[in-house]
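Before any comments, here is the structure.
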Amino acid sequence: MAIINPYLNFDGNTEEAFKFYKSVFGGEFTVLQRFKDTDEGHIPSSDQEKIMHISLPIGKENMLMGTDIAPAKSDNLCKGNNFHLSFKADSEEEGMRLFEALSEGGKITMPLYETTWGAMFGMLTDKFGIQWMINFDDPNIAKKKYEAFEHFSERASREKVENETEYVL
């Protein structure tokens with residue numbers, strides 16, 4: 001069953017907002033990931049403690065999620081564009097189909113791609129100005145990335161021994 005959840009964007013105060021929401025709705029955060037915990041790009045030291053992703057279950061099936069947006073995008077943040085509808089697809093094919101259909105006549109802000117956290121993920125604004133995130137969590141993506149890294153590491157080690165050359169991973 002597909003699920004749509006709100007994804008809120010904040011200008012540096014995500015943690016404060018979500019502590020407030022937790023006090024209102026109860027529950028525990030299922031994810032609290034800071035930018036320093038990822039390898040997604042080069043994050044300035046001033047932003048390392050900011051929230052990359054946080055989620056708070058609300059009720060049985062719903063999740064309230066959020067992030068601190070990048071400083072480069074903070075000038076564009078205002079009431080009305082400070083959220084996305086996050087669609088969790090049941091399959092990679094469904095995610096790709098929905099991403100393509102919703103982006104028609106709109107604007108792709110992040111192409112749908114395999115992420116470092118083991119998902120297919122992309123962002124877009126549809127032709128009506130609604131911001132969407134399309135996500136398909138696929139444990140096989142994370143497994144494939146790990147296996148590829150292991151294969152490369154083993155190959156690099158063998159080649160180093162054969163060529164007596166140092167390789168940097």
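To be explicit about the labels: the chains of the structure tokens are called A, B, and onward in the order shown, and within each one the residues are counted from 1, while ligands get numbers from 1 in the order they are shown.
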
*Considering only C-alpha atoms, return as a PyMOL selection string whatever protein or nucleic-acid residues lie within 7 Å of range 58-64 of chain A, sequence-local ones (same chain, fewer than 6 positions apart) excluded.*
chain A and resi 5-7+25

Could those residues be written to a file, using N, CA, C and O atoms, as a CSV table (one decimal), in the first residue's frame?
chain,number,residue,atom,x,y,z
A,5,ASN,N,3.2,11.1,3.0
A,5,ASN,CA,3.5,11.8,4.2
A,5,ASN,C,4.0,13.2,4.0
A,5,ASN,O,4.7,13.5,3.0
A,6,PRO,N,3.7,14.1,4.9
A,6,PRO,CA,4.3,15.5,4.8
A,6,PRO,C,5.8,15.5,5.1
A,6,PRO,O,6.2,14.8,6.1
A,7,TYR,N,6.6,16.3,4.4
A,7,TYR,CA,8.0,16.4,4.6
A,7,TYR,C,8.3,17.9,4.7
A,7,TYR,O,8.1,18.7,3.8
A,25,PHE,N,2.4,15.3,19.8
A,25,PHE,CA,1.9,14.0,19.3
A,25,PHE,C,2.4,12.8,20.1
A,25,PHE,O,1.8,11.7,20.0

_If we count only C-alpha atoms and set the cut-off at 12 Å, which residues sit around Thr14 in chain A, ignoring sequence neighbours fewer than 5 positions away in its own chain? Please answer as a PyMOL selection string._
chain A and resi 7-9+19-22+32-34+49-55+64-69+82

Spatial neighbours of range 127-138 of chain A, 8 Å, only C-alpha atoms, chain gap at least 2 places, as a short mmCIF file (atom, residue, chain, number, x, y, z; two decimals) with N, CA and C atoms, in the first residue's frame:
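Wrote it out as part-v5.cif, contents follow:
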data_model
loop_
_atom_site.label_atom_id
_atom_site.label_comp_id
_atom_site.auth_asym_id
_atom_site.auth_seq_id
_atom_site.Cartn_x
_atom_site.Cartn_y
_atom_site.Cartn_z
N ASN A 81 6.10 27.05 0.44
CA ASN A 81 7.02 26.15 -0.27
C ASN A 81 7.93 25.41 0.70
N PHE A 83 7.42 22.72 2.37
CA PHE A 83 7.06 21.31 2.58
C PHE A 83 7.02 20.58 1.24
N HIS A 84 7.09 19.27 1.32
CA HIS A 84 6.90 18.37 0.18
C HIS A 84 5.87 17.34 0.59
N LEU A 85 5.23 16.74 -0.37
CA LEU A 85 4.47 15.52 -0.13
C LEU A 85 5.42 14.38 -0.49
N SER A 86 5.66 13.52 0.46
CA SER A 86 6.59 12.42 0.27
C SER A 86 5.80 11.15 -0.04
N PHE A 87 6.03 10.60 -1.23
CA PHE A 87 5.31 9.40 -1.67
C PHE A 87 6.25 8.21 -1.58
N LYS A 88 5.87 7.23 -0.79
CA LYS A 88 6.65 6.00 -0.65
C LYS A 88 6.05 4.95 -1.57
N ALA A 89 6.75 4.66 -2.64
CA ALA A 89 6.25 3.71 -3.65
C ALA A 89 6.42 2.27 -3.18
N ASP A 90 5.57 1.40 -3.73
CA ASP A 90 5.64 -0.03 -3.41
C ASP A 90 6.66 -0.77 -4.26
N SER A 91 7.07 -0.16 -5.38
CA SER A 91 8.04 -0.81 -6.26
C SER A 91 8.84 0.26 -6.98
N GLU A 92 9.99 -0.15 -7.50
CA GLU A 92 10.83 0.77 -8.27
C GLU A 92 10.07 1.25 -9.51
N GLY A 95 7.54 3.89 -8.55
CA GLY A 95 8.23 5.14 -8.26
C GLY A 95 8.66 5.86 -9.53
N LEU A 98 5.47 7.22 -11.40
CA LEU A 98 4.90 8.40 -10.74
C LEU A 98 5.81 9.61 -10.89
N PHE A 99 7.10 9.41 -10.77
CA PHE A 99 8.04 10.52 -10.91
C PHE A 99 7.92 11.13 -12.30
N LEU A 102 4.35 12.88 -12.66
CA LEU A 102 4.21 14.11 -11.89
C LEU A 102 5.11 15.23 -12.40
N SER A 103 6.26 14.88 -12.97
CA SER A 103 7.18 15.91 -13.45
C SER A 103 6.78 16.47 -14.81
N GLU A 104 5.85 15.84 -15.51
CA GLU A 104 5.42 16.32 -16.81
C GLU A 104 4.82 17.73 -16.67
N GLY A 105 5.42 18.69 -17.36
CA GLY A 105 4.97 20.07 -17.28
C GLY A 105 5.46 20.79 -16.04
N GLY A 106 6.21 20.10 -15.20
CA GLY A 106 6.73 20.68 -13.95
C GLY A 106 8.23 20.85 -14.03
N LYS A 107 8.88 20.77 -12.88
CA LYS A 107 10.33 20.97 -12.81
C LYS A 107 10.95 19.92 -11.89
N LEU A 112 15.53 11.29 -10.13
CA LEU A 112 15.34 10.02 -9.44
C LEU A 112 16.61 9.20 -9.63
N GLY A 118 20.26 3.57 0.24
CA GLY A 118 19.60 2.35 -0.23
C GLY A 118 18.19 2.56 -0.71
N ALA A 119 17.96 3.60 -1.48
CA ALA A 119 16.63 3.88 -2.00
C ALA A 119 16.75 4.50 -3.39
N MET A 120 15.65 4.45 -4.12
CA MET A 120 15.49 5.28 -5.31
C MET A 120 14.79 6.53 -4.80
N PHE A 121 15.33 7.71 -5.11
CA PHE A 121 14.77 8.94 -4.54
C PHE A 121 14.91 10.07 -5.55
N GLY A 122 13.87 10.90 -5.62
CA GLY A 122 13.92 12.09 -6.47
C GLY A 122 12.93 13.13 -5.98
N MET A 123 13.14 14.37 -6.40
CA MET A 123 12.26 15.47 -5.98
C MET A 123 11.86 16.28 -7.22
N LEU A 124 10.64 16.80 -7.18
CA LEU A 124 10.13 17.59 -8.28
C LEU A 124 9.05 18.54 -7.80
N THR A 125 8.77 19.53 -8.62
CA THR A 125 7.63 20.41 -8.41
C THR A 125 6.70 20.18 -9.60
N ASN A 140 17.97 -4.08 -1.67
CA ASN A 140 18.91 -4.61 -2.66
C ASN A 140 19.86 -3.55 -3.18
N ILE A 141 19.42 -2.27 -3.21
CA ILE A 141 20.30 -1.19 -3.66
C ILE A 141 21.48 -1.08 -2.71
N ALA A 142 21.18 -1.01 -1.41
CA ALA A 142 22.24 -0.90 -0.42
C ALA A 142 23.17 -2.11 -0.50
#

*asked:* What's the separation between CA of Glu28 in chain A and CA of Pro57 in chain A, in Å to one decimal place?
replied: 7.3 Å

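CA of Trp117 in chain A is found 12.4 Å from CA of Val31 in chain A.
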